[in-house]
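As provided, data_27.pdb (PDB, C-alpha atoms) reads as follows.
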```pdb
ATOM      1  CA  MET A 297      10.987  12.973  69.653
ATOM      2  CA  ALA A 298      14.547  11.937  70.396
ATOM      3  CA  LYS A 299      16.282   9.356  68.231
ATOM      4  CA  LEU A 300      16.515   5.903  69.740
ATOM      5  CA  LYS A 301      19.909   4.218  69.534
ATOM      6  CA  VAL A 302      19.831   0.723  68.140
ATOM      7  CA  LYS A 303      23.544  -0.024  68.356
ATOM      8  CA  GLN A 304      26.161   1.140  70.793
ATOM      9  CA  VAL A 305      29.914   1.078  70.078
ATOM     10  CA  LYS A 306      32.381   0.179  72.837
ATOM     11  CA  LYS A 307      36.133   0.749  72.648
ATOM     12  CA  PHE A 308      38.696  -1.652  74.086
ATOM     13  CA  ILE A 309      42.447  -0.989  74.313
ATOM     14  CA  CYS A 310      44.598  -3.522  72.448
ATOM     15  CA  ASP A 311      46.344  -5.958  74.812
ATOM     16  CA  THR A 312      49.201  -6.607  72.381
ATOM     17  CA  CYS A 313      50.480  -3.050  71.873
ATOM     18  CA  HIS A 314      48.798  -1.474  74.947
ATOM     19  CA  GLY A 315      47.218   1.239  72.809
ATOM     20  CA  ASN A 316      50.439   2.406  71.121
ATOM     21  CA  GLY A 317      49.811   0.867  67.709
ATOM     22  CA  TYR A 318      53.362  -0.481  67.455
ATOM     23  CA  ILE A 319      55.472  -3.225  69.035
ATOM     24  CA  ARG A 320      59.206  -3.622  69.607
ATOM     25  CA  VAL A 321      60.398  -7.088  68.575
ATOM     26  CA  ALA A 322      63.762  -8.380  69.816
ATOM     27  CA  THR A 323      66.193  -9.303  67.022
ATOM     28  CA  GLY A 324      69.353 -10.171  68.916
ATOM     29  CA  ASP A 325      70.915 -10.157  72.375
ATOM     30  CA  THR A 326      68.788  -7.813  74.457
ATOM     31  CA  SER A 327      70.778  -8.169  77.687
ATOM     32  CA  GLU A 328      72.810  -5.008  76.949
ATOM     33  CA  ASP A 329      70.395  -2.573  75.285
ATOM     34  CA  PHE A 330      66.937  -3.502  74.109
ATOM     35  CA  ARG A 331      66.563  -0.534  71.727
ATOM     36  CA  LYS A 332      69.711  -1.358  69.741
ATOM     37  CA  ASN A 333      68.760  -5.008  69.302
ATOM     38  CA  SER A 334      65.085  -4.644  68.426
ATOM     39  CA  GLU A 335      62.876  -3.546  65.561
ATOM     40  CA  VAL A 336      59.657  -1.548  65.596
ATOM     41  CA  HIS A 337      56.678  -3.214  63.894
ATOM     42  CA  GLN A 338      53.079  -2.191  63.453
ATOM     43  CA  CYS A 339      50.611  -4.053  65.664
ATOM     44  CA  TRP A 340      49.021  -6.929  63.778
ATOM     45  CA  ASP A 341      46.075  -7.399  66.154
ATOM     46  CA  CYS A 342      44.536  -3.914  66.009
ATOM     47  CA  ASP A 343      45.995  -2.838  62.620
ATOM     48  CA  SER A 344      47.992  -0.051  64.323
ATOM     49  CA  GLU A 345      44.880   1.667  65.696
ATOM     50  CA  GLY A 346      45.601   0.868  69.347
ATOM     51  CA  GLU A 347      42.016  -0.098  70.114
ATOM     52  CA  PHE A 348      39.217  -2.462  69.134
ATOM     53  CA  TYR A 349      35.621  -1.488  68.437
ATOM     54  CA  GLU A 350      32.705  -3.720  69.369
ATOM     55  CA  THR A 351      29.067  -3.041  68.573
ATOM     56  CA  VAL A 352      26.461  -4.015  71.141
ATOM     57  CA  GLU A 353      22.784  -4.353  70.297
ATOM     58  CA  VAL A 354      20.541  -2.218  72.498
ATOM     59  CA  PRO A 355      16.790  -2.784  72.533
ATOM     60  CA  MET A 356      14.820   0.063  70.985
ATOM     61  CA  VAL A 357      12.162   0.148  73.697
ATOM     62  CA  PRO A 358      13.117  -1.047  77.167
ATOM     63  CA  LYS A 359      10.725  -3.479  78.802
ATOM     64  CA  ASP A 360       8.735  -2.146  81.734
ATOM     65  CA  PRO A 361       9.146  -4.357  84.765
ATOM     66  CA  GLU A 362       5.892  -5.589  86.213
ATOM     67  CA  PRO A 363       5.466  -4.301  89.758
ATOM     68  CA  GLU A 364       5.168  -7.045  92.298
ATOM     69  CA  GLY A 365       2.019  -7.215  94.365
ATOM     70  CA  SER A 366      -0.027  -4.832  92.216
ATOM     71  CA  LEU A 367      -3.737  -5.319  91.765
ATOM     72  CA  HIS A 368      -3.851  -4.311  88.108
TER      73      HIS A 368
END
```

Write the structure described by the file as structure tokens, please.
Amino acid sequence: MAKLKVKQVKKFICDTCHGNGYIRVATGDTSEDFRKNSEVHQCWDCDSEGEFYETVEVPMVPKDPEPEGSLH
């Protein structure tokens, strides 16, 4: 018999770093060149993983829908 999954894991891409795991933060005048006047920092929302994991509970045995209009 096949194993029944109780939990399912879903992945979501981090909105802060867009999946990169790092962020450039402006430190000075960025009108000329953003790379010279910015610092690279690790993403604080996803802990530099680039994605979030969420567990979703799945019922072990799905409910059978009752057929409409049946005699039984």

I need the output of the PyMOL selection byres ((chain A and resi 324) around 8) for this file as a list in words; which residues are they?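 On this input, the PyMOL selection byres ((chain A and resi 324) around 8) captures Ala322, Thr323, Asp325, Thr326, Asn333 and Ser334 of chain A.
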
Can I get the selection written as a JSON list (two decimals), in the coordinates of the input, with C-alpha atoms?
```json
[["chain", "number", "residue", "atom", "x", "y", "z"],
["A", 322, "ALA", "CA", 63.76, -8.38, 69.82],
["A", 323, "THR", "CA", 66.19, -9.30, 67.02],
["A", 325, "ASP", "CA", 70.92, -10.16, 72.38],
["A", 326, "THR", "CA", 68.79, -7.81, 74.46],
["A", 333, "ASN", "CA", 68.76, -5.01, 69.30],
["A", 334, "SER", "CA", 65.08, -4.64, 68.43]]
```

Run the PyMOL selection byres ((chain A and resi 302-318) around 6) against the file shown and list the residues it catches, as a list in words. Lys301, Ile319, His337, Gln338, Cys339, Ser344, Glu345, Gly346, Glu347, Phe348, Tyr349, Glu350, Thr351, Val352, Glu353, Val354 and Met356 of chain A

Might I get the box with edges along x, y and z of the file that holds all atoms of segment 305-319 of chain A listed there, padded by 8 Å on every side, given as centre and edge lengths in Å to one decimal, as AutoDock Vina command-line options?
```
--center_x 42.7 --center_y -2.1 --center_z 71.2 --size_x 41.6 --size_y 25.0 --size_z 23.5
```
